Structure formats: C-alpha cells, structure tokens
file coords38.cif (mmCIF, C-alpha atoms, pLDDT in the B column; chains and numbers go by the auth columns)
data_work
#
loop_
_atom_site.group_PDB
_atom_site.id
_atom_site.type_symbol
_atom_site.label_atom_id
_atom_site.label_comp_id
_atom_site.label_asym_id
_atom_site.label_seq_id
_atom_site.Cartn_x
_atom_site.Cartn_y
_atom_site.Cartn_z
_atom_site.B_iso_or_equiv
_atom_site.auth_seq_id
_atom_site.auth_asym_id
ATOM 1 C CA MET A 1 82.757 -37.012 203.152 59.00 13 E
ATOM 2 C CA ASP A 2 83.872 -35.913 199.685 69.00 14 E
ATOM 3 C CA LEU A 3 86.968 -33.821 200.352 74.00 15 E
ATOM 4 C CA SER A 4 89.274 -32.168 197.860 80.00 16 E
ATOM 5 C CA ILE A 5 92.752 -30.988 198.859 85.00 17 E
ATOM 6 C CA GLN A 6 94.777 -28.158 197.405 92.00 18 E
ATOM 7 C CA VAL A 7 98.435 -27.831 198.398 95.00 19 E
ATOM 8 C CA THR A 8 99.471 -24.179 198.759 96.00 20 E
ATOM 9 C CA LEU A 9 103.112 -23.149 198.865 95.00 21 E
ATOM 10 C CA ASP A 10 104.307 -19.738 200.047 95.00 22 E
ATOM 11 C CA CYS A 11 107.102 -18.359 197.867 95.00 23 E
ATOM 12 C CA THR A 12 108.692 -15.139 196.682 95.00 24 E
ATOM 13 C CA ASP A 13 108.394 -15.892 192.944 96.00 25 E
ATOM 14 C CA PRO A 14 105.161 -17.843 192.432 97.00 26 E
ATOM 15 C CA HIS A 15 105.168 -17.975 188.640 98.00 27 E
ATOM 16 C CA THR A 16 108.712 -19.340 188.415 97.00 28 E
ATOM 17 C CA GLN A 17 107.959 -21.845 191.183 98.00 29 E
ATOM 18 C CA ALA A 18 104.731 -22.917 189.448 98.00 30 E
ATOM 19 C CA ALA A 19 106.582 -23.486 186.169 98.00 31 E
ATOM 20 C CA TRP A 20 109.320 -25.489 187.960 98.00 32 E
ATOM 21 C CA TRP A 21 106.876 -27.710 189.826 98.00 33 E
ATOM 22 C CA ALA A 22 104.629 -28.188 186.771 98.00 34 E
ATOM 23 C CA GLN A 23 107.601 -29.523 184.829 97.00 35 E
ATOM 24 C CA THR A 24 108.719 -31.639 187.796 97.00 36 E
ATOM 25 C CA LEU A 25 105.316 -33.285 188.232 96.00 37 E
ATOM 26 C CA GLY A 26 104.424 -33.484 184.533 96.00 38 E
ATOM 27 C CA TRP A 27 101.530 -31.107 185.195 97.00 39 E
ATOM 28 C CA THR A 28 100.683 -27.775 183.582 98.00 40 E
ATOM 29 C CA VAL A 29 100.435 -24.198 184.775 97.00 41 E
ATOM 30 C CA GLU A 30 96.760 -23.337 184.853 96.00 42 E
ATOM 31 C CA PRO A 31 95.893 -20.830 182.155 93.00 43 E
ATOM 32 C CA ILE A 32 95.131 -17.268 183.166 90.00 44 E
ATOM 33 C CA GLU A 33 93.007 -15.172 180.851 91.00 45 E
ATOM 34 C CA PRO A 34 94.839 -11.856 180.323 92.00 46 E
ATOM 35 C CA GLY A 35 91.611 -10.325 178.983 94.00 47 E
ATOM 36 C CA PHE A 36 89.872 -11.034 182.281 96.00 48 E
ATOM 37 C CA ILE A 37 92.747 -9.459 184.220 96.00 49 E
ATOM 38 C CA ARG A 38 92.640 -6.377 181.980 96.00 50 E
ATOM 39 C CA LYS A 39 88.835 -6.166 182.420 96.00 51 E
ATOM 40 C CA MET A 40 89.216 -6.283 186.233 96.00 52 E
ATOM 41 C CA VAL A 41 91.832 -3.514 186.160 96.00 53 E
ATOM 42 C CA ASP A 42 89.772 -1.365 183.768 96.00 54 E
ATOM 43 C CA ALA A 43 86.714 -1.787 186.019 97.00 55 E
ATOM 44 C CA GLY A 44 88.661 -0.692 189.094 96.00 56 E
ATOM 45 C CA GLN A 45 88.368 -4.152 190.697 96.00 57 E
ATOM 46 C CA ALA A 46 92.166 -4.498 190.640 96.00 58 E
ATOM 47 C CA SER A 47 95.131 -2.237 189.963 96.00 59 E
ATOM 48 C CA GLU A 48 98.114 -2.445 187.666 95.00 60 E
ATOM 49 C CA ASP A 49 100.169 -3.127 190.822 96.00 61 E
ATOM 50 C CA ASP A 50 98.226 -6.402 191.201 97.00 62 E
ATOM 51 C CA THR A 51 99.555 -7.613 187.834 97.00 63 E
ATOM 52 C CA MET A 52 102.879 -8.369 186.210 96.00 64 E
ATOM 53 C CA ASP A 53 104.321 -9.702 182.988 96.00 65 E
ATOM 54 C CA PHE A 54 105.583 -13.295 183.113 96.00 66 E
ATOM 55 C CA ASP A 55 107.018 -14.801 179.945 94.00 67 E
ATOM 56 C CA GLY A 56 105.183 -12.209 177.863 94.00 68 E
ATOM 57 C CA GLU A 57 101.780 -12.792 179.493 94.00 69 E
ATOM 58 C CA LEU A 58 99.788 -10.555 181.815 96.00 70 E
ATOM 59 C CA VAL A 59 99.312 -12.483 185.094 97.00 71 E
ATOM 60 C CA TRP A 60 98.203 -11.848 188.654 97.00 72 E
ATOM 61 C CA LYS A 61 101.245 -10.952 190.742 96.00 73 E
ATOM 62 C CA ILE A 62 99.973 -12.761 193.850 96.00 74 E
ATOM 63 C CA GLY A 63 100.191 -16.316 192.546 97.00 75 E
ATOM 64 C CA ALA A 64 99.811 -19.155 190.101 98.00 76 E
ATOM 65 C CA GLY A 65 98.312 -22.630 190.107 97.00 77 E
ATOM 66 C CA ILE A 66 99.223 -25.958 188.536 98.00 78 E
ATOM 67 C CA CYS A 67 97.267 -29.159 187.966 97.00 79 E
ATOM 68 C CA PRO A 68 97.388 -32.334 185.876 96.00 80 E
ATOM 69 C CA VAL A 69 96.872 -31.540 182.194 97.00 81 E
ATOM 70 C CA ASP A 70 93.661 -33.576 181.964 96.00 82 E
ATOM 71 C CA GLN A 71 92.132 -31.693 184.919 95.00 83 E
ATOM 72 C CA VAL A 72 92.487 -28.100 183.667 95.00 84 E
ATOM 73 C CA GLY A 73 89.242 -26.229 184.345 92.00 85 E
ATOM 74 C CA LYS A 74 87.607 -29.180 186.151 91.00 86 E
ATOM 75 C CA LEU A 75 86.327 -29.248 189.707 89.00 87 E
ATOM 76 C CA PRO A 76 87.394 -30.904 191.860 88.00 88 E
ATOM 77 C CA ARG A 77 90.979 -31.346 190.711 91.00 89 E
ATOM 78 C CA GLN A 78 94.408 -32.035 192.093 93.00 90 E
ATOM 79 C CA ARG A 79 96.041 -28.652 192.465 95.00 91 E
ATOM 80 C CA MET A 80 99.028 -26.786 193.822 97.00 92 E
ATOM 81 C CA VAL A 81 98.904 -23.026 194.305 97.00 93 E
ATOM 82 C CA PHE A 82 101.987 -20.860 194.682 97.00 94 E
ATOM 83 C CA GLN A 83 101.293 -17.637 196.544 97.00 95 E
ATOM 84 C CA ARG A 84 103.594 -14.660 196.891 97.00 96 E
ATOM 85 C CA VAL A 85 104.793 -13.769 200.368 95.00 97 E
ATOM 86 C CA PRO A 86 107.299 -11.016 201.182 92.00 98 E
ATOM 87 C CA GLU A 87 109.712 -13.110 203.238 90.00 99 E
ATOM 88 C CA PRO A 88 111.994 -15.897 201.988 86.00 100 E
ATOM 89 C CA LYS A 89 111.895 -19.380 203.493 87.00 101 E
ATOM 90 C CA THR A 90 113.991 -19.467 206.651 87.00 102 E
ATOM 91 C CA VAL A 91 113.427 -22.795 208.451 88.00 103 E
ATOM 92 C CA LYS A 92 112.718 -26.460 207.706 85.00 104 E
ATOM 93 C CA ASN A 93 109.310 -27.346 206.298 86.00 105 E
ATOM 94 C CA ARG A 94 106.839 -28.923 208.710 87.00 106 E
ATOM 95 C CA MET A 95 105.187 -30.709 205.781 91.00 107 E
ATOM 96 C CA HIS A 96 106.685 -31.784 202.461 93.00 108 E
ATOM 97 C CA LEU A 97 105.874 -33.638 199.248 94.00 109 E
ATOM 98 C CA ASP A 98 107.128 -37.150 198.553 95.00 110 E
ATOM 99 C CA LEU A 99 107.644 -37.921 194.868 95.00 111 E
ATOM 100 C CA HIS A 100 107.362 -41.566 193.854 93.00 112 E
ATOM 101 C CA PRO A 101 108.990 -41.663 190.416 90.00 113 E
ATOM 102 C CA GLY A 102 108.390 -44.207 187.694 85.00 114 E
ATOM 103 C CA VAL A 103 112.102 -43.915 186.879 84.00 115 E
ATOM 104 C CA ASP A 104 115.307 -44.548 188.797 91.00 116 E
ATOM 105 C CA LYS A 105 115.583 -42.286 191.880 94.00 117 E
ATOM 106 C CA ASP A 106 119.204 -41.410 191.065 95.00 118 E
ATOM 107 C CA GLU A 107 118.254 -40.388 187.534 94.00 119 E
ATOM 108 C CA LEU A 108 115.418 -38.175 188.761 96.00 120 E
ATOM 109 C CA ARG A 109 117.618 -36.618 191.453 97.00 121 E
ATOM 110 C CA GLU A 110 120.240 -35.646 188.856 97.00 122 E
ATOM 111 C CA ARG A 111 117.617 -34.223 186.475 96.00 123 E
ATOM 112 C CA LEU A 112 116.097 -32.087 189.233 97.00 124 E
ATOM 113 C CA ILE A 113 119.496 -30.840 190.399 98.00 125 E
ATOM 114 C CA ALA A 114 120.272 -29.841 186.799 98.00 126 E
ATOM 115 C CA ARG A 115 117.024 -27.797 186.829 98.00 127 E
ATOM 116 C CA GLY A 116 117.823 -25.933 190.052 98.00 128 E
ATOM 117 C CA ALA A 117 117.002 -28.283 192.952 98.00 129 E
ATOM 118 C CA SER A 118 119.546 -28.781 195.737 98.00 130 E
ATOM 119 C CA PHE A 119 120.458 -32.190 197.130 98.00 131 E
ATOM 120 C CA LEU A 120 120.242 -32.108 200.936 97.00 132 E
ATOM 121 C CA TYR A 121 120.792 -35.704 202.099 97.00 133 E
ATOM 122 C CA ALA A 122 120.034 -39.396 201.591 97.00 134 E
ATOM 123 C CA GLY A 123 117.986 -41.194 204.233 96.00 135 E
ATOM 124 C CA ASN A 124 116.943 -44.721 205.006 95.00 136 E
ATOM 125 C CA GLN A 125 114.810 -46.661 207.420 95.00 137 E
ATOM 126 C CA GLY A 126 115.207 -50.410 207.173 94.00 138 E
ATOM 127 C CA PRO A 127 114.912 -51.348 203.506 92.00 139 E
ATOM 128 C CA PHE A 128 113.405 -47.985 202.520 92.00 140 E
ATOM 129 C CA THR A 129 115.626 -45.251 201.097 93.00 141 E
ATOM 130 C CA TRP A 130 114.945 -41.717 199.932 96.00 142 E
ATOM 131 C CA TYR A 131 116.627 -38.504 198.886 98.00 143 E
ATOM 132 C CA THR A 132 115.721 -35.167 200.405 97.00 144 E
ATOM 133 C CA LEU A 133 116.087 -32.215 198.049 98.00 145 E
ATOM 134 C CA ALA A 134 115.018 -28.572 198.039 97.00 146 E
ATOM 135 C CA ASP A 135 113.292 -26.764 195.188 97.00 147 E
ATOM 136 C CA PRO A 136 114.796 -23.510 193.817 97.00 148 E
ATOM 137 C CA GLU A 137 113.355 -21.518 196.761 96.00 149 E
ATOM 138 C CA GLY A 138 114.535 -24.023 199.381 95.00 150 E
ATOM 139 C CA ASN A 139 111.316 -25.965 200.052 95.00 151 E
ATOM 140 C CA GLU A 140 112.188 -29.545 201.004 96.00 152 E
ATOM 141 C CA PHE A 141 110.736 -32.558 199.198 97.00 153 E
ATOM 142 C CA CYS A 142 111.680 -36.224 198.971 97.00 154 E
ATOM 143 C CA ILE A 143 112.175 -38.725 196.188 97.00 155 E
ATOM 144 C CA SER A 144 111.275 -42.148 197.554 93.00 156 E
#

call {"tool": "encode", "arguments": {"input": "coords38.cif", "output": "structure tokens"}}
result
Amino acid sequence: MDLSIQVTLDCTDPHTQAAWWAQTLGWTVEPIEPGFIRKMVDAGQASEDDTMDFDGELVWKIGAGICPVDQVGKLPRQRMVFQRVPEPKTVKNRMHLDLHPGVDKDELRERLIARGASFLYAGNQGPFTWYTLADPEGNEFCIS
C-alpha cells in the first residue's frame, strides 16, 4: 500500500502557527495564489469573510500548509496543515511530534523558547532523555 500522511493541527491562528512550525522544521509555508483567491471571491465561490490579510498577502482564513522546500507543489509530499477552529486548546494532546535535531537538544530547546515555545518538563526512560515543550498555542511536542 502506498500511503501518504498529512499531519493536521487545529489552532486559532493558522497562519502564525504555520510560519512558526515552518521555521522550526526548516520547511516553508506553501504558497497561496492571491489571484486565485480573488477569482474565487469574484465568481461567488467564496466570500470576503473567507479571506484575510496575513503579512500583506491575501490568504484563506481557514488555514495554511507547510512542507519541505524541495516538495512544494509535488504530490505526494510531507505536509502539515494548520486549520482554524474557534476554541483554544484546553487539554493534553493525545498525539504529538517528536523532533530529532541534528544539533544539541539544549541548544534547540533554548532557540525554540526564544521564539515563543514553552518548556514543560524533561523526561527520561533508561538512557533515553527528551524535553517536552509546547508551541505558541500550547500544542505539546518533544525534542529527543
């Protein structure tokens, strides 16, 4: 079976979350064609309420996607989608991402905290150690 997986994250500010995670993973925010959005609105297929301005660009309000730079526009591709939901995160994640950095875990933890992540706790099991952090909207992830 040839299966492709997309990770989708509910959030209240999808474009800011997409930009944060793209920088964190070394990926890129997938380009959105403002002309296409305008064409959909002009044709009555969408409304102005479905759009917003983000960093000077017309974007869909509902969400944004990120992927590795070399996979932009390709199918299949590794992808994360950030979709707007009305409610903030309230409880612990049931699933989370584990980041395996090519740099020192302490260094990465400090860089992510400086960019808005929150340090939650350090964990270990036998010889394995990790840090659990939360992104700017409180979604847990680990550095291991």

call {"tool": "closest_residue", "arguments": {"input": "coords38.cif", "among": "E:Cys154, E:Gln57, E:Asp147, E:Gly75", "to": "Ala126 of chain E", "atoms": "only C-alpha atoms"}}
result
E:Asp147

call {"tool": "residues_around", "arguments": {"input": "coords38.cif", "residues": "Ala146 of chain E", "least_positions_apart": "4", "cutoff": "6 Å", "atoms": "only C-alpha atoms", "output": "list in words"}}
result
Ala129, Ser130, Gly150, Asn151, Glu152 and Phe153 of chain E

call {"tool": "residues_around", "arguments": {"input": "coords38.cif", "residues": "segment 45-48 of chain E", "least_positions_apart": "6", "cutoff": "8 Å", "atoms": "all atoms listed in the file", "output": "number ranges by chain"}}
result
E: 69-71

call {"tool": "write_last_selection", "arguments": {"input": "coords38.cif", "atoms": "C-alpha atoms", "output": "PDB file, in the frame of the given file"}}
result
ATOM      1  CA  GLU E  69     101.780 -12.792 179.493  1.00 94.00           C
ATOM      2  CA  LEU E  70      99.788 -10.555 181.815  1.00 96.00           C
ATOM      3  CA  VAL E  71      99.312 -12.483 185.094  1.00 97.00           C
TER       4      VAL E  71
END

call {"tool": "closest_residue", "arguments": {"input": "coords38.cif", "among": "E:Leu124, E:Val81, E:Val97, E:Met52", "to": "Asp25 of chain E", "atoms": "only C-alpha atoms"}}
result
E:Val97

call {"tool": "residues_around", "arguments": {"input": "coords38.cif", "residues": "Asp65 of chain E", "least_positions_apart": "3", "cutoff": "12 Å", "atoms": "all atoms listed in the file", "output": "list of chain:residue names"}}
result
E:His27, E:Thr28, E:Ile44, E:Pro46, E:Ile49, E:Glu60, E:Asp61, E:Asp62, E:Gly68, E:Glu69, E:Leu70, E:Val71, E:Trp72, E:Lys73

call {"tool": "resolve_selection", "arguments": {"input": "coords38.cif", "expression": "the PyMOL selection byres ((chain E and resi 40) around 9)", "output": "PyMOL selection string"}}
result
chain E and resi 30-31+33-35+37-39+41-43+77-81+84

call {"tool": "atom_distance", "arguments": {"input": "coords38.cif", "atom1": "atom CA of His112 of chain E", "atom2": "atom CA of Ile155 of chain E"}}
result
6.1 Å

call {"tool": "resolve_selection", "arguments": {"input": "coords38.cif", "expression": "the PyMOL selection byres ((chain E and resi 14-18) around 10)", "output": "PyMOL selection string"}}
result
chain E and resi 13+19-21+77+79+87-93

call {"tool": "closest_residue", "arguments": {"input": "coords38.cif", "among": "E:Gly135, E:Gly85, E:Glu149, E:Trp32", "to": "Val103 of chain E", "atoms": "only C-alpha atoms"}}
result
E:Glu149

call {"tool": "closest_residue", "arguments": {"input": "coords38.cif", "among": "E:Gly114, E:Pro98, E:Pro148, E:Gly128", "to": "Asp22 of chain E", "atoms": "only C-alpha atoms"}}
result
E:Pro98

call {"tool": "atom_distance", "arguments": {"input": "coords38.cif", "atom1": "atom CA of Phe131 of chain E", "atom2": "atom CA of Leu145 of chain E"}}
result
4.5 Å

call {"tool": "atom_distance", "arguments": {"input": "coords38.cif", "atom1": "atom CA of Lys117 of chain E", "atom2": "atom CA of Pro139 of chain E"}}
result
14.8 Å

call {"tool": "closest_residue", "arguments": {"input": "coords38.cif", "among": "E:Ser156, E:Leu109, E:Phe94, E:Arg127", "to": "Phe140 of chain E", "atoms": "all atoms listed in the file"}}
result
E:Ser156

call {"tool": "closest_residue", "arguments": {"input": "coords38.cif", "among": "E:Thr144, E:Gln95, E:Gln137, E:Thr63", "to": "Pro26 of chain E", "atoms": "all atoms listed in the file"}}
result
E:Gln95

call {"tool": "build_atoms", "arguments": {"input": "coords38.cif", "residues": "segment 109-133 of chain E", "atoms": "N, CA, C and O atoms", "output": "PDB file, in the frame of the given file"}}
result
ATOM      1  N   LEU E 109     106.370 -32.696 200.250  1.00 94.00           N
ATOM      2  CA  LEU E 109     105.874 -33.638 199.248  1.00 94.00           C
ATOM      3  C   LEU E 109     106.853 -34.787 199.114  1.00 94.00           C
ATOM      4  O   LEU E 109     108.069 -34.596 199.182  1.00 94.00           O
ATOM      5  N   ASP E 110     106.325 -35.988 198.909  1.00 95.00           N
ATOM      6  CA  ASP E 110     107.128 -37.150 198.553  1.00 95.00           C
ATOM      7  C   ASP E 110     106.806 -37.494 197.107  1.00 95.00           C
ATOM      8  O   ASP E 110     105.642 -37.706 196.771  1.00 95.00           O
ATOM      9  N   LEU E 111     107.819 -37.533 196.273  1.00 95.00           N
ATOM     10  CA  LEU E 111     107.644 -37.921 194.868  1.00 95.00           C
ATOM     11  C   LEU E 111     107.998 -39.390 194.742  1.00 95.00           C
ATOM     12  O   LEU E 111     109.048 -39.826 195.218  1.00 95.00           O
ATOM     13  N   HIS E 112     107.127 -40.144 194.099  1.00 93.00           N
ATOM     14  CA  HIS E 112     107.362 -41.566 193.854  1.00 93.00           C
ATOM     15  C   HIS E 112     107.523 -41.740 192.342  1.00 93.00           C
ATOM     16  O   HIS E 112     106.536 -41.910 191.627  1.00 93.00           O
ATOM     17  N   PRO E 113     108.768 -41.678 191.869  1.00 90.00           N
ATOM     18  CA  PRO E 113     108.990 -41.663 190.416  1.00 90.00           C
ATOM     19  C   PRO E 113     108.809 -43.032 189.767  1.00 90.00           C
ATOM     20  O   PRO E 113     108.993 -44.068 190.406  1.00 90.00           O
ATOM     21  N   GLY E 114     108.457 -42.992 188.495  1.00 85.00           N
ATOM     22  CA  GLY E 114     108.390 -44.207 187.694  1.00 85.00           C
ATOM     23  C   GLY E 114     109.731 -44.504 187.043  1.00 85.00           C
ATOM     24  O   GLY E 114     109.830 -45.384 186.207  1.00 85.00           O
ATOM     25  N   VAL E 115     110.747 -43.721 187.415  1.00 84.00           N
ATOM     26  CA  VAL E 115     112.102 -43.915 186.879  1.00 84.00           C
ATOM     27  C   VAL E 115     113.045 -44.090 188.067  1.00 84.00           C
ATOM     28  O   VAL E 115     112.659 -43.935 189.229  1.00 84.00           O
ATOM     29  N   ASP E 116     114.279 -44.375 187.781  1.00 91.00           N
ATOM     30  CA  ASP E 116     115.307 -44.548 188.797  1.00 91.00           C
ATOM     31  C   ASP E 116     115.440 -43.279 189.648  1.00 91.00           C
ATOM     32  O   ASP E 116     115.500 -42.166 189.118  1.00 91.00           O
ATOM     33  N   LYS E 117     115.483 -43.435 190.976  1.00 94.00           N
ATOM     34  CA  LYS E 117     115.583 -42.286 191.880  1.00 94.00           C
ATOM     35  C   LYS E 117     116.835 -41.460 191.617  1.00 94.00           C
ATOM     36  O   LYS E 117     116.807 -40.243 191.693  1.00 94.00           O
ATOM     37  N   ASP E 118     117.959 -42.136 191.323  1.00 95.00           N
ATOM     38  CA  ASP E 118     119.204 -41.410 191.065  1.00 95.00           C
ATOM     39  C   ASP E 118     119.086 -40.553 189.814  1.00 95.00           C
ATOM     40  O   ASP E 118     119.543 -39.410 189.784  1.00 95.00           O
ATOM     41  N   GLU E 119     118.445 -41.126 188.797  1.00 94.00           N
ATOM     42  CA  GLU E 119     118.254 -40.388 187.534  1.00 94.00           C
ATOM     43  C   GLU E 119     117.391 -39.148 187.762  1.00 94.00           C
ATOM     44  O   GLU E 119     117.726 -38.051 187.310  1.00 94.00           O
ATOM     45  N   LEU E 120     116.288 -39.310 188.494  1.00 96.00           N
ATOM     46  CA  LEU E 120     115.418 -38.175 188.761  1.00 96.00           C
ATOM     47  C   LEU E 120     116.135 -37.128 189.606  1.00 96.00           C
ATOM     48  O   LEU E 120     116.045 -35.926 189.333  1.00 96.00           O
ATOM     49  N   ARG E 121     116.875 -37.560 190.614  1.00 97.00           N
ATOM     50  CA  ARG E 121     117.618 -36.618 191.453  1.00 97.00           C
ATOM     51  C   ARG E 121     118.554 -35.764 190.601  1.00 97.00           C
ATOM     52  O   ARG E 121     118.578 -34.540 190.737  1.00 97.00           O
ATOM     53  N   GLU E 122     119.302 -36.385 189.701  1.00 97.00           N
ATOM     54  CA  GLU E 122     120.240 -35.646 188.856  1.00 97.00           C
ATOM     55  C   GLU E 122     119.519 -34.689 187.918  1.00 97.00           C
ATOM     56  O   GLU E 122     119.970 -33.560 187.698  1.00 97.00           O
ATOM     57  N   ARG E 123     118.390 -35.109 187.360  1.00 96.00           N
ATOM     58  CA  ARG E 123     117.617 -34.223 186.475  1.00 96.00           C
ATOM     59  C   ARG E 123     117.110 -33.000 187.230  1.00 96.00           C
ATOM     60  O   ARG E 123     117.145 -31.878 186.721  1.00 96.00           O
ATOM     61  N   LEU E 124     116.627 -33.210 188.456  1.00 97.00           N
ATOM     62  CA  LEU E 124     116.097 -32.087 189.233  1.00 97.00           C
ATOM     63  C   LEU E 124     117.210 -31.147 189.687  1.00 97.00           C
ATOM     64  O   LEU E 124     117.022 -29.923 189.695  1.00 97.00           O
ATOM     65  N   ILE E 125     118.357 -31.684 190.036  1.00 98.00           N
ATOM     66  CA  ILE E 125     119.496 -30.840 190.399  1.00 98.00           C
ATOM     67  C   ILE E 125     119.911 -29.987 189.203  1.00 98.00           C
ATOM     68  O   ILE E 125     120.182 -28.798 189.335  1.00 98.00           O
ATOM     69  N   ALA E 126     119.914 -30.586 188.013  1.00 98.00           N
ATOM     70  CA  ALA E 126     120.272 -29.841 186.799  1.00 98.00           C
ATOM     71  C   ALA E 126     119.286 -28.704 186.528  1.00 98.00           C
ATOM     72  O   ALA E 126     119.642 -27.713 185.893  1.00 98.00           O
ATOM     73  N   ARG E 127     118.050 -28.829 187.027  1.00 98.00           N
ATOM     74  CA  ARG E 127     117.024 -27.797 186.829  1.00 98.00           C
ATOM     75  C   ARG E 127     116.923 -26.822 187.989  1.00 98.00           C
ATOM     76  O   ARG E 127     116.026 -25.988 188.018  1.00 98.00           O
ATOM     77  N   GLY E 128     117.819 -26.923 188.986  1.00 98.00           N
ATOM     78  CA  GLY E 128     117.823 -25.933 190.052  1.00 98.00           C
ATOM     79  C   GLY E 128     117.524 -26.439 191.444  1.00 98.00           C
ATOM     80  O   GLY E 128     117.556 -25.661 192.398  1.00 98.00           O
ATOM     81  N   ALA E 129     117.210 -27.733 191.608  1.00 98.00           N
ATOM     82  CA  ALA E 129     117.002 -28.283 192.952  1.00 98.00           C
ATOM     83  C   ALA E 129     118.358 -28.437 193.635  1.00 98.00           C
ATOM     84  O   ALA E 129     119.396 -28.484 192.978  1.00 98.00           O
ATOM     85  N   SER E 130     118.331 -28.534 194.953  1.00 98.00           N
ATOM     86  CA  SER E 130     119.546 -28.781 195.737  1.00 98.00           C
ATOM     87  C   SER E 130     119.403 -30.117 196.449  1.00 98.00           C
ATOM     88  O   SER E 130     118.356 -30.400 197.041  1.00 98.00           O
ATOM     89  N   PHE E 131     120.442 -30.930 196.398  1.00 98.00           N
ATOM     90  CA  PHE E 131     120.458 -32.190 197.130  1.00 98.00           C
ATOM     91  C   PHE E 131     120.813 -31.890 198.577  1.00 98.00           C
ATOM     92  O   PHE E 131     121.819 -31.226 198.851  1.00 98.00           O
ATOM     93  N   LEU E 132     119.986 -32.356 199.524  1.00 97.00           N
ATOM     94  CA  LEU E 132     120.242 -32.108 200.936  1.00 97.00           C
ATOM     95  C   LEU E 132     120.857 -33.326 201.623  1.00 97.00           C
ATOM     96  O   LEU E 132     121.898 -33.211 202.260  1.00 97.00           O
ATOM     97  N   TYR E 133     120.227 -34.493 201.497  1.00 97.00           N
ATOM     98  CA  TYR E 133     120.792 -35.704 202.099  1.00 97.00           C
ATOM     99  C   TYR E 133     120.036 -36.940 201.636  1.00 97.00           C
ATOM    100  O   TYR E 133     118.923 -36.847 201.116  1.00 97.00           O
TER     101      TYR E 133
END
